[in-house]
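Trainee: Input query-v1.cif, format and content: mmCIF, C-alpha atoms.
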data_query
loop_
_atom_site.label_atom_id
_atom_site.label_comp_id
_atom_site.auth_asym_id
_atom_site.auth_seq_id
_atom_site.Cartn_x
_atom_site.Cartn_y
_atom_site.Cartn_z
CA GLY V 1 72.40 250.24 135.98
CA PRO V 2 70.30 247.39 134.55
CA ASP V 3 71.94 245.29 131.85
CA ALA V 4 69.31 243.72 129.56
CA ALA V 5 71.80 241.40 127.88
CA LEU V 6 73.12 240.16 131.22
CA ASP V 7 69.59 239.65 132.50
CA ALA V 8 68.73 237.61 129.40
CA ARG V 9 71.79 235.37 129.86
CA GLN V 10 70.91 234.94 133.53
CA LYS V 11 67.43 233.79 132.56
CA GLU V 12 68.82 231.33 130.01
CA TRP V 13 71.15 229.93 132.66
CA GLU V 14 68.29 229.46 135.13
CA VAL V 15 66.20 227.68 132.50
CA SER V 16 69.11 225.37 131.64
CA LEU V 17 69.44 224.42 135.30
CA SER V 18 65.73 223.65 135.48
CA ARG V 19 65.96 221.35 132.47
CA GLY V 20 68.85 219.51 134.06
CA HIS V 21 66.85 218.78 137.20
CA GLN V 22 63.60 217.58 135.67
CA VAL V 23 62.32 214.51 137.46
CA GLU V 24 60.10 211.95 135.79
CA TRP V 25 57.55 210.48 138.17
CA THR V 26 55.68 207.25 137.52
CA PRO V 27 52.39 206.85 139.41
CA ALA V 28 52.50 203.69 141.51
CA ARG V 29 50.08 201.01 140.33
CA VAL V 30 48.88 200.25 143.83
CA ASP V 31 46.87 197.02 143.83
CA LYS V 32 46.82 196.35 147.56
CA ALA V 33 46.14 198.81 150.37
CA THR V 34 45.41 197.82 153.97
CA SER V 35 45.08 199.53 157.33
CA SER V 36 46.21 198.23 160.72
CA GLY V 37 43.41 200.15 162.43
CA GLY V 38 40.45 199.06 160.36
CA THR V 39 40.29 202.08 158.05
CA THR V 40 38.84 201.41 154.62
CA LEU V 41 41.38 202.26 151.91
CA ALA V 42 39.86 202.58 148.45
CA ILE V 43 42.14 202.66 145.40
CA GLY V 44 40.86 205.01 142.69
CA GLN V 45 41.28 204.83 138.92
CA ASP V 46 43.83 207.66 139.18
CA GLY V 47 45.93 205.64 141.63
CA ALA V 48 44.93 207.77 144.60
CA VAL V 49 44.13 205.99 147.86
CA GLN V 50 41.25 207.41 149.88
CA ALA V 51 40.65 206.60 153.54
CA GLY V 52 37.16 206.13 154.89
CA GLY V 53 35.15 204.52 157.64
CA THR V 54 36.63 204.25 161.09
CA ASN V 55 39.38 206.69 162.10
CA PRO V 56 41.47 205.02 164.84
CA PRO V 57 43.79 206.98 167.15
CA LYS V 58 46.81 205.35 165.47
CA ASP V 59 47.07 203.67 162.09
CA VAL V 60 49.54 202.16 159.65
CA TYR V 61 48.74 202.16 155.95
CA THR V 62 50.40 199.41 153.89
CA MET V 63 50.49 199.65 150.11
CA GLU V 64 51.96 197.23 147.57
CA PHE V 65 52.58 197.68 143.87
CA PRO V 66 54.73 196.20 141.08
CA VAL V 67 57.87 197.94 139.87
CA ASP V 68 59.97 197.25 136.79
CA ALA V 69 62.70 199.90 137.03
CA ALA V 70 65.65 200.75 139.23
CA VAL V 71 63.65 202.97 141.58
CA LYS V 72 65.73 205.59 143.38
CA SER V 73 63.04 207.53 145.19
CA ILE V 74 59.43 207.46 146.34
CA ARG V 75 57.13 210.45 146.29
CA LEU V 76 54.16 210.83 148.63
CA GLU V 77 51.54 213.19 147.24
CA VAL V 78 49.08 214.26 149.94
CA LEU V 79 45.75 215.17 148.37
CA GLN V 80 42.53 216.72 149.55
CA PRO V 81 39.78 214.12 149.86
CA GLU V 82 36.99 214.35 147.33
CA GLY V 83 34.48 217.01 148.29
CA ALA V 84 36.74 218.61 150.91
CA VAL V 85 37.43 222.33 150.82
CA LYS V 86 40.39 222.54 153.18
CA ARG V 87 40.92 219.25 154.97
CA ILE V 88 43.99 217.17 154.00
CA GLY V 89 44.15 214.96 157.07
CA ARG V 90 41.60 212.85 158.93
CA ALA V 91 41.92 214.72 162.21
CA GLU V 92 38.95 216.81 163.27
CA ASN V 93 40.93 219.94 162.47
CA GLY V 94 42.01 218.61 159.06
CA ASN V 95 45.67 218.01 159.86
CA PHE V 96 47.93 214.95 159.53
CA VAL V 97 51.18 213.68 161.01
CA VAL V 98 53.22 211.00 159.24
CA SER V 99 55.37 209.47 161.95
CA GLU V 100 57.51 207.30 159.71
CA VAL V 101 57.69 206.01 156.14
CA THR V 102 59.22 202.59 155.57
CA ALA V 103 59.61 200.42 152.50
CA GLU V 104 60.46 196.84 151.55
CA TRP V 105 61.59 195.28 148.29
CA LEU V 106 59.72 192.08 147.47
CA PRO V 107 61.66 190.32 144.70
CA ALA V 108 59.95 187.79 142.45
CA GLN V 109 62.30 185.23 143.95
CA GLY V 110 63.97 185.39 147.31
CA GLU V 111 63.23 187.04 150.62
CA ALA V 112 61.85 190.51 151.27
CA ARG V 113 64.47 193.17 152.01
CA ALA V 114 63.99 196.29 154.10
CA LEU V 115 65.01 199.48 152.29
CA GLN V 116 66.70 202.50 153.80
CA PHE V 117 66.05 206.16 153.03
CA ASN V 118 68.96 208.58 153.27
CA ALA V 119 67.25 211.89 152.44
CA ALA V 120 63.84 213.50 152.45
CA THR V 121 62.40 216.82 151.39
CA ALA V 122 58.93 218.33 151.11
CA ASP V 123 57.30 221.36 149.56
CA TYR V 124 55.98 222.24 153.01
CA SER V 125 56.58 221.12 156.57
CA GLN V 126 54.86 222.24 159.72
CA ALA V 127 57.09 223.99 162.27
CA LEU V 128 58.78 221.43 164.52
CA PHE V 129 57.44 218.61 162.31
CA PRO V 130 60.00 218.40 159.47
CA VAL V 131 59.75 215.77 156.77
CA THR V 132 63.14 214.35 157.80
CA ALA V 133 61.49 213.12 161.01
CA ALA V 134 59.58 210.63 158.84
CA ILE V 135 62.77 208.72 157.98
CA ASP V 136 64.67 208.93 161.28
CA GLY V 137 63.99 205.29 162.13
CA SER V 138 61.88 206.19 165.17
CA LEU V 139 58.21 205.61 165.90
CA ASP V 140 58.29 208.15 168.71
CA ASP V 141 54.75 209.56 168.95
CA ALA V 142 56.09 213.07 169.51
CA HIS V 143 57.71 213.42 166.09
CA GLY V 144 56.86 213.13 162.42
CA TRP V 145 56.07 215.11 159.28
CA GLY V 146 53.21 217.52 159.79
CA GLY V 147 51.42 219.44 157.06
CA ASP V 148 49.58 222.27 158.86
CA GLY V 149 46.36 220.99 157.33
CA HIS V 150 44.44 222.85 160.03
CA VAL V 151 45.96 226.14 158.87
CA LEU V 152 46.70 225.97 155.14
CA ALA V 153 44.63 224.48 152.35
CA GLY V 154 46.13 222.68 149.36
CA THR V 155 48.15 219.59 148.65
CA ARG V 156 51.52 218.55 150.08
CA ASP V 157 54.41 216.71 148.43
CA ALA V 158 57.27 214.77 149.98
CA VAL V 159 60.13 212.87 148.34
CA PHE V 160 62.10 210.10 150.04
CA ALA V 161 65.40 209.05 148.46
CA LEU V 162 66.61 205.48 148.76
CA ALA V 163 70.11 204.94 150.07
CA GLU V 164 70.58 202.36 147.30
CA PRO V 165 68.43 202.05 144.14
CA LEU V 166 66.46 198.92 143.44
CA PRO V 167 68.10 196.36 141.13
CA GLU V 168 68.07 197.37 137.46
CA GLY V 169 65.47 195.35 135.59
CA GLY V 170 64.65 193.27 138.65
CA ALA V 171 61.06 192.08 138.69
CA GLY V 172 59.31 192.51 141.99
CA ARG V 173 57.10 194.64 144.15
CA LEU V 174 57.43 197.50 146.60
CA ARG V 175 55.71 197.54 149.95
CA VAL V 176 55.41 201.02 151.43
CA GLN V 177 54.14 201.63 154.94
CA ILE V 178 52.96 204.99 156.26
CA HIS V 179 53.06 204.92 160.06
CA GLN V 180 50.71 207.39 161.74
CA VAL V 181 51.18 206.92 165.49
CA SER V 182 51.35 210.52 166.67
CA SER V 183 50.28 211.50 170.17
CA PHE V 184 47.84 213.74 168.29
CA ALA V 185 45.14 211.12 167.85
CA SER V 186 43.63 210.23 164.48
CA HIS V 187 45.99 212.45 162.46
CA ALA V 188 46.10 210.09 159.48
CA LEU V 189 46.17 210.90 155.78
CA ALA V 190 42.77 211.26 154.13
CA ARG V 191 43.79 210.86 150.47
CA PHE V 192 47.18 210.34 148.88
CA ARG V 193 49.05 208.96 145.89
CA LEU V 194 52.45 207.32 145.57
CA HIS V 195 54.94 207.78 142.73
CA THR V 196 58.39 206.41 141.95
CA SER V 197 61.34 207.76 140.02
CA SER V 198 64.39 206.06 138.57
CA ASN V 199 66.24 209.14 137.33
CA ILE V 200 66.43 211.26 140.46
CA GLU V 201 69.88 211.53 142.03
CA ARG V 202 70.42 211.27 145.76
CA GLN V 203 72.56 214.40 145.70
CA ALA V 204 69.71 216.68 144.61
CA ILE V 205 66.06 215.99 145.31
CA ALA V 206 63.77 218.05 143.10
CA LEU V 207 60.20 219.09 143.75
CA GLY V 208 58.64 221.49 141.27
CA ASN V 209 61.01 224.36 140.60
CA TRP V 210 63.12 224.28 143.75
CA TRP V 211 65.84 222.02 145.10
CA GLN V 212 67.24 221.13 148.49
CA VAL V 213 70.56 219.36 148.86
CA PRO V 214 70.26 216.50 151.38
CA GLY V 215 72.50 216.76 154.40
CA ILE V 216 72.07 220.50 154.96
CA LYS V 217 70.52 221.13 158.35
CA ILE V 218 67.59 223.52 158.19
CA GLY V 219 66.87 223.58 161.92
CA LYS V 220 63.35 224.72 162.78
CA VAL V 221 62.62 226.42 159.48
CA ALA V 222 59.16 225.19 158.49
CA ASN V 223 59.32 226.10 154.81
CA PRO V 224 62.82 226.45 153.28
CA ARG V 225 61.40 227.91 150.06
CA LEU V 226 60.12 231.00 151.88
CA HIS V 227 63.14 231.57 154.09
CA ASP V 228 65.98 233.83 152.95
CA PHE V 229 69.10 232.27 154.38
CA GLY V 230 71.41 234.73 152.63
CA PRO V 231 74.75 233.89 151.02
CA ASP V 232 76.91 231.36 152.85
CA LYS V 233 74.80 231.47 155.98
CA GLY V 234 73.91 228.55 158.18
CA PHE V 235 70.51 226.93 158.40
CA ASP V 236 70.24 226.74 162.20
#
Would you write out, as structure tokens, the structure that this file holds?
Mentor:
Amino acid sequence: GPDAALDARQKEWEVSLSRGHQVEWTPARVDKATSSGGTTLAIGQDGAVQAGGTNPPKDVYTMEFPVDAAVKSIRLEVLQPEGAVKRIGRAENGNFVVSEVTAEWLPAQGEARALQFNAATADYSQALFPVTAAIDGSLDDAHGWGGDGHVLAGTRDAVFALAEPLPEGGAGRLRVQIHQVSSFASHALARFRLHTSSNIERQAIALGNWWQVPGIKIGKVANPRLHDFGPDKGFD
């Protein structure tokens, strides 16, 4: 039957794990945001970037901001635009598709260096549009991270882990590009915010109260949090 003492110890153990995986996020101090397609990108006081004006079929957002820590990961927080009830993307149906996320390190001295991501996870991914497709090195217009903005309201979160952290104490800037070149025209982000973290480990990317270990194939599962894989079962 139920064992109250055992249940209490189980709860303590779960809480201790949660404490050990807390991630500290620093909002990016974006001071430059441009669009390849002529979209107006306005930087708010809260660090959020809101798109407005023209909505081209394809677009690339480029953001730059200073960093002063050994950044290990970048978080993309997809927000609802101000005044919107459901829409989280700029498409007519409210959806978005992020084809690829790329980043460059711009040191105070020396040449810019392209950065590589080796893992990605999200709190939600549209079926057949997993977040890992946003770091596969391809600008194929048939793939990318989709958020089901035309179906589900609310925000979305994605975390991209760097293969190698930025230099400790190195002064410089980060340039992050969000490529939105899907065959689904004008599926760009409407409002978003970037964050960085220097204490997240590549072996375990944390978002909220759940964790996914990079390298485990989840196949076509749209939302790992809501899927019961069972003990020692595959993810295909």
Trainee: What residues come out when you apply the PyMOL selection byres ((chain V and resi 137-147) around 8) to this file, written as a PDB file with C-alpha atoms, in the frame of the given file?
Mentor:
ATOM      1  CA  ASN V  95      45.670 218.010 159.860  1.00  0.00           C
ATOM      2  CA  PHE V  96      47.930 214.950 159.530  1.00  0.00           C
ATOM      3  CA  VAL V  97      51.180 213.680 161.010  1.00  0.00           C
ATOM      4  CA  VAL V  98      53.220 211.000 159.240  1.00  0.00           C
ATOM      5  CA  SER V  99      55.370 209.470 161.950  1.00  0.00           C
ATOM      6  CA  GLU V 100      57.510 207.300 159.710  1.00  0.00           C
ATOM      7  CA  TYR V 124      55.980 222.240 153.010  1.00  0.00           C
ATOM      8  CA  SER V 125      56.580 221.120 156.570  1.00  0.00           C
ATOM      9  CA  GLN V 126      54.860 222.240 159.720  1.00  0.00           C
ATOM     10  CA  ALA V 127      57.090 223.990 162.270  1.00  0.00           C
ATOM     11  CA  PHE V 129      57.440 218.610 162.310  1.00  0.00           C
ATOM     12  CA  PRO V 130      60.000 218.400 159.470  1.00  0.00           C
ATOM     13  CA  VAL V 131      59.750 215.770 156.770  1.00  0.00           C
ATOM     14  CA  THR V 132      63.140 214.350 157.800  1.00  0.00           C
ATOM     15  CA  ALA V 133      61.490 213.120 161.010  1.00  0.00           C
ATOM     16  CA  ALA V 134      59.580 210.630 158.840  1.00  0.00           C
ATOM     17  CA  ILE V 135      62.770 208.720 157.980  1.00  0.00           C
ATOM     18  CA  ASP V 136      64.670 208.930 161.280  1.00  0.00           C
ATOM     19  CA  ASP V 148      49.580 222.270 158.860  1.00  0.00           C
ATOM     20  CA  GLY V 149      46.360 220.990 157.330  1.00  0.00           C
ATOM     21  CA  ARG V 156      51.520 218.550 150.080  1.00  0.00           C
ATOM     22  CA  HIS V 179      53.060 204.920 160.060  1.00  0.00           C
ATOM     23  CA  VAL V 181      51.180 206.920 165.490  1.00  0.00           C
ATOM     24  CA  SER V 182      51.350 210.520 166.670  1.00  0.00           C
ATOM     25  CA  SER V 183      50.280 211.500 170.170  1.00  0.00           C
TER      26      SER V 183
END
Trainee: Mind pulling up the distance from CA of Thr196 (chain V) to CA of Lys32 (chain V)?
Mentor: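 Spanning CA of Lys32 (chain V) to CA of Thr196 (chain V) is a straight-line distance of 16.3 Å.
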Trainee: In terms of the shortest atom-to-atom distance over all atoms listed in the file, which of V:Val60, V:Val101, V:Ala119, V:Leu189 is closest to Pro81 (chain V)?
Mentor: V:Leu189
Trainee: State, in Å with one decimal place, the distance from CA of Ser35 (chain V) to CA of Asp59 (chain V).
Mentor: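 These atoms are spaced 6.6 Å apart.
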Trainee: For a test of reading the model, state the distance in Å between CA of Ser186 (chain V) and CA of Gly47 (chain V), rounded to one decimal.
Mentor: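 Computed distance, CA of Ser186 (chain V) to CA of Gly47 (chain V), equals 23.4 Å.
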Trainee: Which is closest to Leu115 (chain V) among V:Ser73, V:Asn93, V:Thr155, V:Thr39, if we use only C-alpha atoms?
Mentor: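 Among the listed residues, the smallest separation from Leu115 (chain V) belongs to V:Ser73.
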Trainee: Written as a PyMOL selection string, which residues does the PyMOL selection byres ((chain V and resi 33) around 12) give for the file shown?
Mentor: chain V and resi 28-32+34-36+38-44+47-51+60-65+174-178+192-194
Trainee: Using all atoms listed in the file, find the one residue out of V:Ala153, V:Ala112, V:Ala103, V:Ala69 that sits nearest to Asn199 (chain V).
Mentor: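 Smallest separation from Asn199 (chain V) among the options: V:Ala69.
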Trainee: Would you please work out which residue, of V:Ile88, V:Ala5, V:Leu152, V:Ala108, is nearest to Asp68 (chain V) when using all atoms listed in the file?
Mentor: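 For Asp68 (chain V), the nearest of the given residues is V:Ala108.
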Trainee: Show me the residues close to (69.5, 207.0, 154.6) - anything with an atom within 7 Å, counting all atoms listed in the file - and format the list as a list in words.
Mentor: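 Selection result: Gln116, Phe117, Asn118, Ala119, Leu162 and Ala163 of chain V.
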Trainee: Would you kindly translate the PyMOL selection byres ((chain V and resi 55) around 8) into the concrete residues it picks from this file, as a list in words?
Mentor: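 The output of the PyMOL selection byres ((chain V and resi 55) around 8) on this file is Gly37, Gly38, Thr39, Gly52, Gly53, Thr54, Pro56, Pro57, Arg90, Ser186 and Ala188 of chain V.
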Trainee: Check the smallest atom-to-atom distance from each of V:Ala185, V:Ala70, V:Val151, V:Ala122 to Lys58 (chain V) using all atoms listed in the file, then report the winner.
Mentor: V:Ala185
